[in-house]
Each structure stands twice: as C-alpha cells, then as structure tokens.
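The next block holds one structure in the form of structure tokens; read it before the comments.
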Amino acid sequence: MDWLTIATLLLFGLLFVAAEVIFIPGTTFVGFVGFVLLAAGIWFSYRDLGTPISHFILGGAVFLTAALVYVGLKPKNLNKFALTEVHDNYVHDARRPDVQPGTAGRTISALRPAGTVLFENDRREATTRGEFIAAGTPVRVLRIEQNRIVVEQA
C-alpha cells in the first residue's frame, strides 16, 4: 500500500474523531469509525513503510487525537453545546393563599361533594367532607389540603 493511502486513512480517522469529539459528541459510532481508520492507517504504515517512520506516524496520531479530545472536552468548548442559560421565569401556582380557613362564601353549584364556590368575587373549586350542599348555600372554609379547599355549611 502506498503512502498516499496510509495518509488518507490517517486523515479521515482524525477527521472522524474530531467530528465525534467536537461536533456530534455522544454518538460513539463516528468516533469508533475514526479510531478504526487510525488503527488501520498505523498498521499499514508499520507493514509497508518501516518501523522508524511508523513510530513517528504513531506518535503524531496519538498526539493529534489527544489534542482533539482535550480541545473538544474543554469546558469553554462544551458550553457552546450545553444549556448554560439560567431561566428565572416561574409558573403561577394554582394554589392561591388568598382563601384562608374561616373565609365565608356562597356555593354557585351544588357540592356533591365537590363544586364551585364564590368567595367575594373569586370563583373557586371546593369540596366538602362528604356531605352534599345545595347551590346558593353559605359556606365557610375549614382547611386547605394541598390543592383543595375544604368547606362546610355555615
């Protein structure tokens, strides 16, 4: 095999390793193909070009591969592909603390045991402890359980 074929194998091996480390990290297939091409180029160089030249080729391939991995895995280079922005937005929590235990309201729908209650001008879903309460009945908040307002007839 002539030196041009060996150089082509080594070049494409290094390009594939560079693509794996820098451009498409995590796929491993491209990097594996790159290492196979590098190994084939080095093996053919030992077979056809002789030991002294092949030692230089092996050293150069190891050095360039290590440099590519180092450059590709530097934190500054990884930040180009990683999500580094901090978002300080928030989602409005549906559990509004404005309805406290003891707040009075009036049922809009029948509570069987869940339904709609009007607290001042705020329509809210509420439940009872199991009893049924007709529409238009005054109610009072007993407690807030996680995301539920528990009421009783006032």
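Each chain of the structure tokens is named A, B, ... in the order shown, its residues numbered from 1; ligands are numbered from 1 in display order.
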- [ ] Enumerate the residues of chain A with a DSSP assignment of alpha helix (DSSP H), computed from the backbone, and present them as a ChimeraX atom specification.
- [x] /A:3-18,29-48,51-72,75-78
Open item on the list: Residues within 6 Å of range 59-72 of chain A, please, as a list of chain:residue names. Count only C-alpha atoms; anything in the same chain fewer than 2 positions from it doesn't count.
Closed with: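 That gives A:Val21, A:Ile22, A:Phe56, A:Ile57, A:Lys74.
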Open item on the list: Ranking A:Gly26, A:Gly13, A:Gly105, A:Pro52 by minimum distance to Ala126 in chain A and counting only C-alpha atoms, which one comes first?
Closed with: A:Gly105
TODO: Identify which of the residues A:Gly50, A:Gly41, A:Gly136, A:Pro101 lies closest to Leu4 in chain A, counting only C-alpha atoms when measuring atom-to-atom distances.
DONE: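 Closest to Leu4 in chain A of all the choices is A:Gly41.
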TODO: List the neighbours of range 6-11 of chain A out to 7 Å using only C-alpha atoms; skip same-chain residues closer than 5 positions along the sequence, and give me the result as a list in words.
DONE: Leu37, Leu38, Gly41, Phe44 and Ser45 of chain A
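Atom pair CA of Gly31 in chain A / CA of Glu85 in chain A has a distance of 28.9 Å (rounded to one decimal).
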Open item on the list: Just want the 10 Å neighbourhood of Ala134 in chain A, counted on only C-alpha atoms, with same-chain residues fewer than 4 positions away dropped. Output as a list in words.
Closed with: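 My reading of the contact set: Thr107, Ile108, Ser109, Ala110, Leu111, Arg112, Gly115, Pro138 and Gln153 of chain A.
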- [ ] To one decimal in Å, tell me the separation between CA of Glu20 in chain A and CA of Thr5 in chain A.
- [x]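 Between these atoms lies a distance of 22.4 Å.
The space between CA of Phe119 in chain A and CA of Ile144 in chain A spans 14.2 Å.
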Open item on the list: I'd like the contact shell of Arg129 in chain A - 9 Å cut-off, only C-alpha atoms, skipping same-chain residues fewer than 5 positions apart - returned as a list in words.
Closed with: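 Everything that qualifies: Pro113, Val150, Val151 and Glu152 of chain A.
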Open item on the list: My list of candidates is A:Phe23, A:Thr116, A:Ile133, A:Ile42. Which is closest to Arg148 in chain A when distances are computed with only C-alpha atoms?
Closed with: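 Closest candidate: A:Thr116.
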Open item on the list: I want to know what sits within 9 Å of Gln100 in chain A, based on only C-alpha atoms, with residues of the same chain fewer than 2 positions away left out; could you give that as a list in words?
Closed with: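 So the residues in contact are Pro97, Asp98, Gly102, Thr103, Val141, Leu142, Arg143 and Ile144 of chain A.
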Please produce a file of the residues just selected, as a compact mmCIF listing (two decimals), in the first residue's frame, where the atoms kept are N, CA, C and O atoms.
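Result saved to again.txt:
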# COMPACT_ATOMS: atom_id res chain seq x y z
N PRO A 97 -52.99 31.50 48.06
CA PRO A 97 -53.17 31.53 49.50
C PRO A 97 -54.18 32.59 49.96
O PRO A 97 -54.28 32.85 51.14
N ASP A 98 -54.93 33.21 49.03
CA ASP A 98 -55.84 34.28 49.43
C ASP A 98 -57.09 33.75 50.13
O ASP A 98 -57.77 34.50 50.83
N GLY A 102 -61.66 29.81 57.49
CA GLY A 102 -62.58 30.75 58.11
C GLY A 102 -63.22 31.71 57.12
O GLY A 102 -64.17 32.42 57.47
N THR A 103 -62.74 31.78 55.89
CA THR A 103 -63.31 32.68 54.88
C THR A 103 -64.70 32.21 54.50
O THR A 103 -64.95 31.03 54.31
N VAL A 141 -64.78 28.12 54.94
CA VAL A 141 -63.60 27.29 54.66
C VAL A 141 -63.12 26.65 55.96
O VAL A 141 -62.86 27.34 56.94
N LEU A 142 -63.01 25.33 55.94
CA LEU A 142 -62.47 24.60 57.09
C LEU A 142 -60.95 24.57 57.04
O LEU A 142 -60.27 24.90 58.02
N ARG A 143 -60.41 24.13 55.92
CA ARG A 143 -58.95 23.99 55.81
C ARG A 143 -58.58 23.91 54.32
O ARG A 143 -59.42 23.71 53.46
N ILE A 144 -57.29 24.08 54.07
CA ILE A 144 -56.72 23.91 52.74
C ILE A 144 -55.88 22.65 52.79
O ILE A 144 -54.93 22.56 53.56
Open item on the list: Taking only C-alpha atoms into account, name the residue in A:Leu73, A:Val17, A:Val139, A:Leu49 that is nearest to Val117 in chain A.
Closed with: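 Nearest candidate to Val117 in chain A out of A:Leu73, A:Val17, A:Val139, A:Leu49: A:Val139.
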